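Participant: Below is the file model.csv, which contains CSV, C-alpha atoms.
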```
chain,number,residue,atom,x,y,z
A,22,MET,CA,70.0,117.3,97.0
A,23,ASN,CA,68.2,114.1,96.3
A,24,THR,CA,67.9,114.8,92.5
A,25,VAL,CA,71.6,115.5,92.3
A,26,SER,CA,72.6,112.2,94.0
A,27,SER,CA,70.0,110.3,91.9
A,28,LEU,CA,71.5,111.8,88.7
A,29,LEU,CA,75.1,111.3,89.8
A,30,VAL,CA,75.4,107.5,89.4
A,31,PRO,CA,73.9,107.3,85.9
A,32,VAL,CA,76.0,110.3,84.8
A,33,ILE,CA,79.2,108.7,86.1
A,34,ILE,CA,78.3,105.5,84.2
A,35,GLY,CA,77.5,107.5,81.0
A,36,PHE,CA,80.6,109.6,81.3
A,37,THR,CA,82.8,106.5,81.8
A,38,ALA,CA,81.3,104.8,78.8
A,39,VAL,CA,81.8,107.8,76.5
A,40,TYR,CA,85.3,108.4,77.8
A,41,ALA,CA,86.3,104.7,77.4
A,42,LEU,CA,84.8,104.5,74.0
A,43,SER,CA,86.7,107.6,72.9
A,44,ARG,CA,89.8,105.7,73.9
A,45,LYS,CA,88.8,102.7,71.9
A,46,VAL,CA,88.0,100.5,74.8
A,47,ASP,CA,85.5,97.7,74.2
A,48,VAL,CA,83.2,99.1,76.8
A,49,PHE,CA,80.6,96.3,77.0
A,50,SER,CA,83.1,93.5,77.2
A,51,ALA,CA,85.0,95.3,79.9
A,52,LEU,CA,81.7,95.9,81.8
A,53,VAL,CA,80.7,92.2,81.6
A,54,ARG,CA,84.2,91.1,82.6
A,55,GLY,CA,84.1,93.4,85.6
A,56,ALA,CA,80.6,92.3,86.6
A,57,GLY,CA,82.0,88.7,86.6
A,58,GLU,CA,84.7,89.8,89.0
A,59,GLY,CA,82.0,91.3,91.2
A,60,LEU,CA,80.4,87.8,91.3
A,61,THR,CA,83.7,86.4,92.5
A,62,VAL,CA,83.8,89.0,95.3
A,63,MET,CA,80.3,88.1,96.3
A,64,MET,CA,81.1,84.4,96.4
A,65,LYS,CA,84.0,85.2,98.7
A,66,ILE,CA,82.0,87.1,101.3
A,67,PHE,CA,78.9,84.9,101.1
A,68,PRO,CA,80.1,82.1,103.4
A,69,ALA,CA,81.4,84.6,105.9
A,70,LEU,CA,78.1,86.4,105.9
A,71,ILE,CA,76.2,83.2,106.6
A,72,GLY,CA,78.2,82.7,109.8
A,73,LEU,CA,78.3,86.3,110.8
A,74,LEU,CA,74.6,87.1,110.2
A,75,THR,CA,73.7,84.0,112.3
A,76,ALA,CA,75.8,85.3,115.2
A,77,VAL,CA,74.3,88.8,114.8
A,78,TYR,CA,70.8,87.5,114.7
A,79,MET,CA,71.4,85.5,117.8
A,80,PHE,CA,73.0,88.5,119.5
A,81,ARG,CA,69.9,90.6,118.7
A,82,ALA,CA,67.3,88.0,119.6
A,83,SER,CA,68.9,87.2,123.0
A,84,GLY,CA,68.8,90.8,124.1
A,85,ALA,CA,72.6,91.0,124.2
A,86,MET,CA,72.6,93.8,121.7
A,87,ASP,CA,70.2,95.9,123.8
A,88,LEU,CA,72.3,95.2,126.8
A,89,MET,CA,75.4,96.4,125.1
A,90,ALA,CA,73.7,99.5,123.8
A,91,GLN,CA,72.3,100.3,127.2
A,92,VAL,CA,75.7,100.0,128.9
A,93,LEU,CA,77.3,102.3,126.4
A,94,SER,CA,74.4,104.7,125.7
A,95,PRO,CA,75.5,107.5,128.1
A,96,LEU,CA,78.8,107.8,126.4
A,97,LEU,CA,77.5,107.5,122.9
A,98,GLY,CA,74.6,109.8,123.6
A,99,ALA,CA,77.1,112.5,124.6
A,100,LEU,CA,78.8,112.1,121.2
A,101,GLY,CA,75.4,112.2,119.4
A,102,ILE,CA,75.8,108.6,118.1
A,103,PRO,CA,72.7,106.4,118.2
A,104,PRO,CA,73.5,103.7,120.8
A,105,GLU,CA,72.1,101.0,118.5
A,106,THR,CA,75.2,101.3,116.3
A,107,VAL,CA,77.6,100.3,119.0
A,108,GLY,CA,78.1,96.8,117.7
A,109,LEU,CA,78.9,98.1,114.2
A,110,MET,CA,81.5,100.5,115.6
A,111,LEU,CA,83.2,97.8,117.6
A,112,VAL,CA,83.4,95.4,114.6
A,113,ARG,CA,84.2,97.9,111.8
A,114,PRO,CA,88.0,98.2,112.4
A,115,ILE,CA,88.4,94.5,112.7
A,116,SER,CA,86.4,92.7,110.0
A,117,GLY,CA,84.9,94.0,106.7
A,118,SER,CA,82.4,91.3,106.3
A,119,GLY,CA,81.5,91.3,110.0
A,120,ALA,CA,80.8,95.1,109.8
A,121,LEU,CA,78.7,94.4,106.7
A,122,ALA,CA,76.7,91.8,108.5
A,123,VAL,CA,76.1,94.0,111.6
A,124,GLY,CA,75.3,97.0,109.4
A,125,ALA,CA,72.9,95.1,107.2
A,126,GLU,CA,71.1,93.7,110.2
A,127,LEU,CA,70.7,97.3,111.6
A,128,MET,CA,69.4,98.6,108.3
A,129,SER,CA,66.9,95.7,108.1
A,130,SER,CA,65.6,95.9,111.6
A,131,TYR,CA,65.3,99.7,111.8
A,132,GLY,CA,64.6,100.2,108.1
A,133,PRO,CA,67.1,101.5,105.5
A,134,ASP,CA,65.6,105.0,105.6
A,135,SER,CA,65.5,105.3,109.4
A,136,THR,CA,68.1,107.4,111.3
A,137,VAL,CA,69.8,104.3,112.7
A,138,GLY,CA,69.8,102.6,109.3
A,139,ARG,CA,71.2,105.6,107.5
A,140,THR,CA,73.8,106.2,110.2
A,141,ALA,CA,74.9,102.6,109.9
A,142,ALA,CA,75.1,103.0,106.1
A,143,VAL,CA,77.2,106.2,106.3
A,144,MET,CA,79.5,104.6,108.9
A,145,LEU,CA,80.0,101.6,106.6
A,146,GLY,CA,80.6,103.7,103.5
A,147,SER,CA,83.0,106.2,105.0
A,148,THR,CA,85.4,104.0,107.1
A,149,GLU,CA,87.7,101.1,106.4
A,150,THR,CA,88.8,97.8,108.0
A,151,THR,CA,91.5,99.6,109.9
A,152,PHE,CA,93.5,96.8,111.5
A,153,TYR,CA,93.4,94.7,108.3
A,154,THR,CA,94.7,97.6,106.3
A,155,ILE,CA,97.5,98.3,108.8
A,156,ALA,CA,98.4,94.6,108.8
A,157,ILE,CA,98.6,94.3,105.0
A,158,TYR,CA,100.6,97.5,104.5
A,159,LEU,CA,103.1,97.4,107.3
A,160,GLY,CA,103.2,93.6,107.2
A,161,SER,CA,104.2,93.5,103.5
A,162,ALA,CA,106.7,96.3,104.0
A,163,GLY,CA,108.3,94.3,106.8
A,164,VAL,CA,107.7,96.9,109.4
A,165,THR,CA,107.1,95.7,113.0
A,166,LYS,CA,107.2,98.9,115.0
A,167,THR,CA,104.0,100.6,114.0
A,168,ARG,CA,104.7,103.8,116.0
A,169,TYR,CA,101.7,106.1,116.0
A,170,THR,CA,99.9,104.5,113.0
A,171,ILE,CA,97.2,102.7,115.2
A,172,PRO,CA,96.2,105.7,117.3
A,173,ALA,CA,96.1,108.0,114.3
A,174,ALA,CA,94.0,105.6,112.3
A,175,LEU,CA,91.6,105.0,115.2
A,176,THR,CA,91.2,108.8,115.6
A,177,ALA,CA,90.1,108.9,111.9
A,178,ASP,CA,87.6,106.0,112.6
A,179,LEU,CA,86.2,107.6,115.7
A,180,THR,CA,85.8,111.0,113.9
A,181,GLY,CA,84.1,109.1,111.1
A,182,PHE,CA,81.6,107.6,113.5
A,183,ILE,CA,80.7,110.9,115.2
A,184,VAL,CA,80.5,112.8,111.9
A,185,ALA,CA,78.4,110.0,110.3
A,186,ALA,CA,75.8,110.4,113.1
A,187,ALA,CA,75.9,114.2,112.9
A,188,SER,CA,75.7,114.3,109.1
A,189,VAL,CA,72.7,112.0,109.0
A,190,ARG,CA,70.9,114.4,111.4
A,191,LEU,CA,72.0,117.3,109.3
A,192,PHE,CA,71.2,116.0,105.8
A,193,PHE,CA,67.9,114.2,106.6
A,194,HIS,CA,66.0,116.3,109.1
B,29,MET,CA,92.0,84.8,114.8
B,30,ALA,CA,90.3,87.9,116.1
B,31,MET,CA,87.1,86.9,114.4
B,32,ALA,CA,87.2,83.5,115.9
B,33,TRP,CA,87.1,85.0,119.4
B,34,ILE,CA,84.4,87.6,118.5
B,35,TRP,CA,82.2,85.0,116.8
B,36,THR,CA,82.5,82.6,119.7
B,37,PHE,CA,81.9,85.3,122.2
B,38,MET,CA,78.8,86.5,120.4
B,39,THR,CA,77.2,83.0,120.3
B,40,VAL,CA,78.1,82.1,123.9
B,41,PHE,CA,77.0,85.5,125.3
B,42,SER,CA,73.8,85.3,123.3
B,43,ILE,CA,72.9,81.9,124.8
B,44,PHE,CA,73.7,83.3,128.2
B,45,CYS,CA,71.5,86.4,127.7
B,46,ALA,CA,68.7,84.4,126.2
B,47,VAL,CA,68.6,82.0,129.2
B,48,LEU,CA,68.7,84.9,131.7
B,49,THR,CA,66.0,86.9,129.9
B,50,GLY,CA,63.8,83.9,128.9
B,51,ARG,CA,64.2,84.5,125.1
B,52,ILE,CA,65.3,81.0,124.3
B,53,ASP,CA,62.6,80.5,121.6
B,54,ALA,CA,63.6,83.7,119.9
B,55,LEU,CA,67.3,82.6,120.0
B,56,GLY,CA,66.4,79.2,118.4
B,57,SER,CA,64.6,80.9,115.5
B,58,ALA,CA,67.4,83.5,115.1
B,59,VAL,CA,69.8,80.6,114.3
B,60,LEU,CA,67.4,79.6,111.5
B,61,GLU,CA,66.9,83.2,110.3
B,62,GLY,CA,70.5,84.3,110.2
B,63,GLY,CA,71.7,82.1,107.3
B,64,ALA,CA,68.6,82.8,105.3
B,65,ALA,CA,69.1,86.5,105.8
B,66,ALA,CA,72.6,86.2,104.4
B,67,VAL,CA,71.3,84.5,101.3
B,68,THR,CA,68.7,87.2,100.8
B,69,LEU,CA,71.2,90.0,101.4
B,70,CYS,CA,73.7,88.6,99.0
B,71,LEU,CA,71.2,88.1,96.2
B,72,SER,CA,69.6,91.5,96.7
B,73,MET,CA,72.8,93.5,96.6
B,74,ALA,CA,74.5,91.4,93.9
B,75,GLY,CA,72.9,93.6,91.1
B,76,ILE,CA,74.4,96.9,92.1
B,77,LEU,CA,77.7,95.4,93.3
B,78,CYS,CA,78.4,93.6,90.1
B,79,LEU,CA,77.2,96.5,87.9
B,80,TRP,CA,79.6,98.7,89.8
B,81,THR,CA,82.6,96.3,89.5
B,82,GLY,CA,81.7,96.3,85.8
B,83,VAL,CA,81.8,100.1,85.6
B,84,ILE,CA,85.0,100.1,87.5
B,85,SER,CA,86.6,97.7,85.1
B,86,VAL,CA,85.7,100.0,82.2
B,87,MET,CA,87.3,102.9,84.2
B,88,ARG,CA,90.5,100.8,84.6
B,89,GLU,CA,90.8,99.9,81.0
B,90,ALA,CA,90.2,103.5,79.9
B,91,GLY,CA,93.1,104.6,82.0
B,92,MET,CA,91.0,106.8,84.3
B,93,ILE,CA,93.2,106.0,87.3
B,94,ARG,CA,96.2,107.6,85.6
B,95,ALA,CA,94.1,110.6,84.6
B,96,LEU,CA,92.9,111.1,88.1
B,97,SER,CA,96.2,110.5,89.8
B,98,ARG,CA,97.7,113.5,87.9
B,99,LEU,CA,95.2,115.7,89.9
B,100,PHE,CA,96.5,114.4,93.2
B,101,ARG,CA,100.1,115.2,92.7
B,102,PRO,CA,100.1,118.7,94.3
B,103,VAL,CA,98.4,117.5,97.5
B,104,LEU,CA,100.8,114.6,97.9
B,105,SER,CA,103.9,116.8,98.5
B,106,PHE,CA,102.2,118.2,101.6
B,107,LEU,CA,101.2,114.9,103.0
B,108,PHE,CA,104.4,113.1,102.1
B,109,PRO,CA,107.2,115.6,102.5
B,110,GLY,CA,109.9,112.9,102.8
B,111,VAL,CA,109.4,111.4,99.4
B,112,ARG,CA,109.4,114.6,97.4
B,113,GLY,CA,111.2,114.1,94.1
B,114,ASN,CA,111.0,110.3,94.3
B,115,GLU,CA,109.0,109.7,91.2
B,116,GLU,CA,108.5,106.0,91.7
B,117,ILE,CA,107.0,106.3,95.2
B,118,LEU,CA,104.9,109.4,94.3
B,119,SER,CA,103.3,107.7,91.3
B,120,ALA,CA,102.5,104.6,93.3
B,121,ILE,CA,100.9,106.7,96.1
B,122,SER,CA,98.8,108.8,93.7
B,123,SER,CA,97.6,105.7,91.8
B,124,ASN,CA,96.7,104.2,95.2
B,125,VAL,CA,94.7,107.2,96.2
B,126,SER,CA,92.9,107.5,92.9
B,127,ALA,CA,92.1,103.8,92.8
B,128,ASN,CA,90.7,104.1,96.3
B,129,LEU,CA,88.6,107.1,95.3
B,130,LEU,CA,87.1,105.2,92.4
B,131,GLY,CA,86.4,102.2,94.6
B,132,LEU,CA,88.9,99.9,93.0
B,133,GLY,CA,90.0,98.2,96.2
B,134,ASN,CA,91.7,95.4,94.3
B,135,ALA,CA,93.9,97.7,92.3
B,136,ALA,CA,94.5,100.2,95.2
B,137,THR,CA,96.1,97.7,97.5
B,138,PRO,CA,98.9,96.4,95.3
B,139,MET,CA,99.9,100.0,94.5
B,140,GLY,CA,99.8,101.1,98.1
B,141,VAL,CA,101.8,98.1,99.2
B,142,LYS,CA,104.3,98.8,96.5
B,143,ALA,CA,104.7,102.4,97.9
B,144,ALA,CA,105.0,101.0,101.4
B,145,CYS,CA,107.7,98.5,100.4
B,146,LEU,CA,109.7,101.2,98.6
B,147,MET,CA,109.4,103.5,101.6
B,148,SER,CA,110.4,100.9,104.1
B,149,ARG,CA,113.4,99.8,102.0
B,150,ALA,CA,114.7,103.3,101.9
B,151,SER,CA,114.3,103.8,105.7
B,152,GLY,CA,115.6,100.4,106.8
B,153,LYS,CA,112.3,98.8,107.7
B,154,ARG,CA,111.3,101.8,109.9
B,155,ALA,CA,107.8,103.2,109.9
B,156,THR,CA,108.7,106.7,108.8
B,157,ASP,CA,106.2,109.6,109.0
B,158,ASP,CA,105.5,109.1,105.3
B,159,LEU,CA,104.7,105.4,105.7
B,160,CYS,CA,102.4,106.1,108.7
B,161,MET,CA,100.6,108.7,106.7
B,162,LEU,CA,100.2,106.3,103.8
B,163,VAL,CA,98.6,103.8,106.1
B,164,VAL,CA,96.4,106.4,107.8
B,165,VAL,CA,95.1,107.7,104.4
B,166,ASN,CA,94.3,104.1,103.4
B,167,THR,CA,92.5,103.2,106.6
B,168,ALA,CA,90.3,106.3,106.4
B,169,SER,CA,88.5,105.3,103.2
B,170,ILE,CA,87.7,108.0,100.7
B,171,GLN,CA,85.2,106.5,98.2
B,172,LEU,CA,83.2,108.3,95.6
B,173,ILE,CA,80.5,105.6,95.3
B,174,PRO,CA,80.1,103.1,98.2
B,175,ALA,CA,78.5,100.5,96.0
B,176,THR,CA,78.3,97.7,98.6
B,177,VAL,CA,76.4,99.8,101.1
B,178,ALA,CA,74.1,101.2,98.4
B,179,GLY,CA,73.5,97.6,97.3
B,180,VAL,CA,72.4,96.6,100.8
B,181,ARG,CA,70.1,99.7,101.0
B,182,ALA,CA,68.6,98.9,97.6
B,183,GLY,CA,68.0,95.3,98.6
B,184,LEU,CA,66.2,96.4,101.8
B,185,GLY,CA,63.9,98.7,99.7
B,186,ALA,CA,65.4,102.1,100.5
B,187,GLN,CA,63.6,104.9,98.7
B,188,ALA,CA,66.8,106.3,97.1
B,189,PRO,CA,69.8,104.0,97.9
B,190,PHE,CA,72.3,106.6,96.9
B,191,ASP,CA,70.8,109.5,98.9
B,192,ILE,CA,73.4,108.9,101.6
B,193,LEU,CA,76.2,110.0,99.2
B,194,PRO,CA,76.6,113.6,100.4
B,195,ALA,CA,76.7,112.4,104.0
B,196,VAL,CA,79.2,109.7,103.1
B,197,TRP,CA,81.5,112.2,101.3
B,198,PHE,CA,81.3,114.7,104.1
B,199,THR,CA,82.0,112.0,106.7
B,200,SER,CA,84.9,110.5,104.7
B,201,ALA,CA,86.5,114.0,104.3
B,202,MET,CA,86.2,114.8,108.0
B,203,SER,CA,87.6,111.4,108.9
B,204,VAL,CA,90.6,111.6,106.6
B,205,LEU,CA,91.2,115.2,107.8
B,206,ALA,CA,91.2,114.0,111.4
B,207,GLY,CA,93.5,111.1,110.5
B,208,VAL,CA,96.0,113.4,108.8
B,209,LEU,CA,95.9,115.9,111.6
B,210,ALA,CA,96.3,113.2,114.2
B,211,ALA,CA,99.3,111.7,112.2
B,212,LYS,CA,101.0,115.1,111.9
B,213,LEU,CA,100.4,115.8,115.6
B,214,LEU,CA,101.5,112.4,116.9
B,215,SER,CA,104.6,112.5,114.7
B,216,ALA,CA,105.8,115.5,116.6
B,217,VAL,CA,104.9,113.8,120.0
B,218,TRP,CA,106.6,110.6,119.0
B,219,ARG,CA,109.8,112.4,117.8
B,220,ARG,CA,110.1,113.9,121.3
B,221,PHE,CA,110.0,110.5,123.0
B,222,GLU,CA,112.2,108.5,120.6
```
Will you turn the file into structure tokens for me?

Facilitator:
Amino acid sequence: MNTVSSLLVPVIIGFTAVYALSRKVDVFSALVRGAGEGLTVMMKIFPALIGLLTAVYMFRASGAMDLMAQVLSPLLGALGIPPETVGLMLVRPISGSGALAVGAELMSSYGPDSTVGRTAAVMLGSTETTFYTIAIYLGSAGVTKTRYTIPAALTADLTGFIVAAASVRLFFH
Amino acid sequence: MAMAWIWTFMTVFSIFCAVLTGRIDALGSAVLEGGAAAVTLCLSMAGILCLWTGVISVMREAGMIRALSRLFRPVLSFLFPGVRGNEEILSAISSNVSANLLGLGNAATPMGVKAACLMSRASGKRATDDLCMLVVVNTASIQLIPATVAGVRAGLGAQAPFDILPAVWFTSAMSVLAGVLAAKLLSAVWRRFE
């Protein structure tokens, strides 16, 4: 499994290059241009991350994080979710950079290859900033009555969180 | 505004907890560590993130979105029964889904929004079942390569930053499936009450 996922990314890059070159795309210029766009994205989230990581570090150091985890641990334990990830689940639907800050802090304090760190990574990678997405789509379409969009989207998020924890247990033990 | 409340709550609640549990020194140093951690995080994940936006830009210029979106057409008529035959909306949705899959968030949103606007214009600004489904599919991200997360993992010294891929795919698939089922189910419930 590990070899496959290690090979996958280089193969995608190689395939993309060959496919693009066969269509007469200037592969290297496109790559460099895109990498520059990535830098712009980084510049945009960087100031937010400074503010958010400061709050997350304070929350952890003061014991507030442990308190929150303790309060919700019976419920999360029943769902098989590590209680440490509670903050991440609460922020995930609201703020993309906030979730990145909380998730990165989890991965760094528990280790990226720990169960908590991996669960946080899978949660981040497999869910979206739900409320932001709903606001952009329905807002620009001029729709004010959202009907069942929010409950359906939150069902997807909750399922994602539960399955993230379960799949990390399944794939890494 | 939501983040303003959350951020303020987090700082005030942290001070409160630190005073109660006697961790004031730890709180003081946390303020100094947080900003530094953000700098380290950004620098260490910049490599993978920028490489991937580069690869994505090659994919875009080679027309891979269009190639991929042809594959999605058959599934779409099941998910969006109301727009069957509407070529303009269908092509916007399939480009949206393919761009999301490749991780082209910047390209996916305008196409999704275009589909949403066309749908709402046709329905008189009502959130039809198809429009709700479009939003649900977009809120449950399906991404082939979650480059940002892999970048964070790589920056923190993970053994194989991409080893979470199978777990991410499985989780995304289950989450989308749950979202689609919930949308189909709730649509029946809502119709009864409206």

Participant: Could you give me, as a ChimeraX atom specification, the residues within 8 Å of Val177 of chain B, counting all atoms listed in the file and dropping anything in the same chain fewer than 3 positions from it?

Facilitator: /A:142,145-146 /B:174,180-181

Participant: Quick one: of B:Ala32, B:Leu48, B:Leu55, B:Ala182, who's nearest to Arg81 of chain A, counting only C-alpha atoms?

Facilitator: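 Nearest candidate to Arg81 of chain A out of B:Ala32, B:Leu48, B:Leu55, B:Ala182: B:Leu55.
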
Participant: Using all atoms listed in the file, find each residue in chain B having at least one atom no more than 6 Å away from chain A; report its shortest atom-to-atom pair and that distance in Å (one decimal), rows by chain then rising number, as CSV.

Facilitator:
```
residue,atom,partner,partner_atom,distance
B:Thr39,CA,A:Ala76,CA,5.8
B:Ser42,CA,A:Phe80,CA,5.0
B:Cys45,CA,A:Ser83,CA,5.4
B:Ala46,CA,A:Ser83,CA,4.3
B:Arg51,CA,A:Ser83,CA,5.8
B:Ala54,CA,A:Ala82,CA,5.7
B:Leu55,CA,A:Ala82,CA,5.4
B:Ala58,CA,A:Met79,CA,5.2
B:Val59,CA,A:Thr75,CA,5.5
B:Gly62,CA,A:Thr75,CA,3.8
B:Gly63,CA,A:Ile71,CA,4.7
B:Ala66,CA,A:Ile71,CA,5.2
B:Cys78,CA,A:Ala56,CA,4.3
B:Leu79,CA,A:Ala56,CA,5.6
B:Thr81,CA,A:Gly55,CA,5.1
B:Gly82,CA,A:Gly55,CA,3.8
B:Val83,CA,A:Leu52,CA,5.7
B:Ser85,CA,A:Gly55,CA,5.0
B:Val86,CA,A:Ala51,CA,5.3
B:Ala90,CA,A:Ala41,CA,4.8
B:Val141,CA,A:Tyr158,CA,5.5
B:Ala144,CA,A:Ala162,CA,5.6
B:Cys145,CA,A:Ala162,CA,4.3
B:Ser148,CA,A:Ala162,CA,5.9
B:Lys153,CA,A:Val164,CA,5.3
B:Cys160,CA,A:Thr170,CA,5.2
B:Val164,CA,A:Ala174,CA,5.2
B:Thr167,CA,A:Thr151,CA,5.0
B:Ala168,CA,A:Thr148,CA,5.5
B:Ser169,CA,A:Thr148,CA,5.1
B:Pro174,CA,A:Gly146,CA,5.4
B:Arg181,CA,A:Pro133,CA,5.7
B:Ala186,CA,A:Pro133,CA,5.3
B:Asp191,CA,A:Ser26,CA,5.9
B:Ala195,CA,A:Ser188,CA,5.5
B:Val196,CA,A:Val143,CA,5.1
B:Thr199,CA,A:Ala185,CA,5.5
B:Ser200,CA,A:Ser147,CA,4.7
B:Ser203,CA,A:Ala177,CA,4.6
B:Val204,CA,A:Ala177,CA,6.0
B:Ala206,CA,A:Ala177,CA,5.2
B:Gly207,CA,A:Ala177,CA,4.3
B:Ala210,CA,A:Ala173,CA,5.2
B:Ala211,CA,A:Ala173,CA,5.3
```

Participant: Please report the interatomic distance between atom CA of Ser72 of chain B and atom CA of Leu184 of chain B in Å with one decimal.

Facilitator: 7.8 Å

Participant: I'd like the neighbourhood of Leu146 of chain B as a list in words, where a residue qualifies if any of its atoms comes within 10 Å (using only C-alpha atoms), though same-chain residues fewer than 3 positions away should be ignored.

Facilitator: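 The residues satisfying every condition are Ala162 of chain A; Glu116, Ile117, Ala120, Gly140, Val141, Lys142, Ala143, Arg149, Ala150, Ser151, Lys153 and Leu159 of chain B.
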
Participant: Between atom CA of Ile84 of chain B and atom CA of Asn128 of chain B, what distance in Å does the model show, to one decimal?

Facilitator: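 According to the coordinates, atom CA of Ile84 of chain B and atom CA of Asn128 of chain B are separated by 11.2 Å.
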
Participant: Quick check, in Å to one decimal: how far apart do atom CA of Ile43 of chain B and atom CA of Glu61 of chain B lie?

Facilitator: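 Answer for the atom CA of Ile43 of chain B to atom CA of Glu61 of chain B separation: 15.7 Å.
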
Participant: Measuring atom to atom with all atoms listed in the file, identify which of B:Met147, B:Met38, B:Val67, B:Ser215 is nearest to Gly110 of chain B.

Facilitator: B:Met147

Participant: Could you check which residues have any atom within 7 Å of (88.5, 109.0, 96.7), counting only C-alpha atoms with coordinates taken straight from the file, and then list them as JSON, numbers by chain?

Facilitator: {"B": [125, 126, 128, 129, 130, 170, 171, 172]}

Participant: Name all residues at most 7 Å from Ala175 of chain B (count only C-alpha atoms; drop same-chain ones fewer than 2 positions away) and give them as a list of chain:residue names.

Facilitator: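 The contact residues come out as B:Ile76, B:Leu77, B:Trp80, B:Ile173, B:Val177, B:Ala178, B:Gly179.
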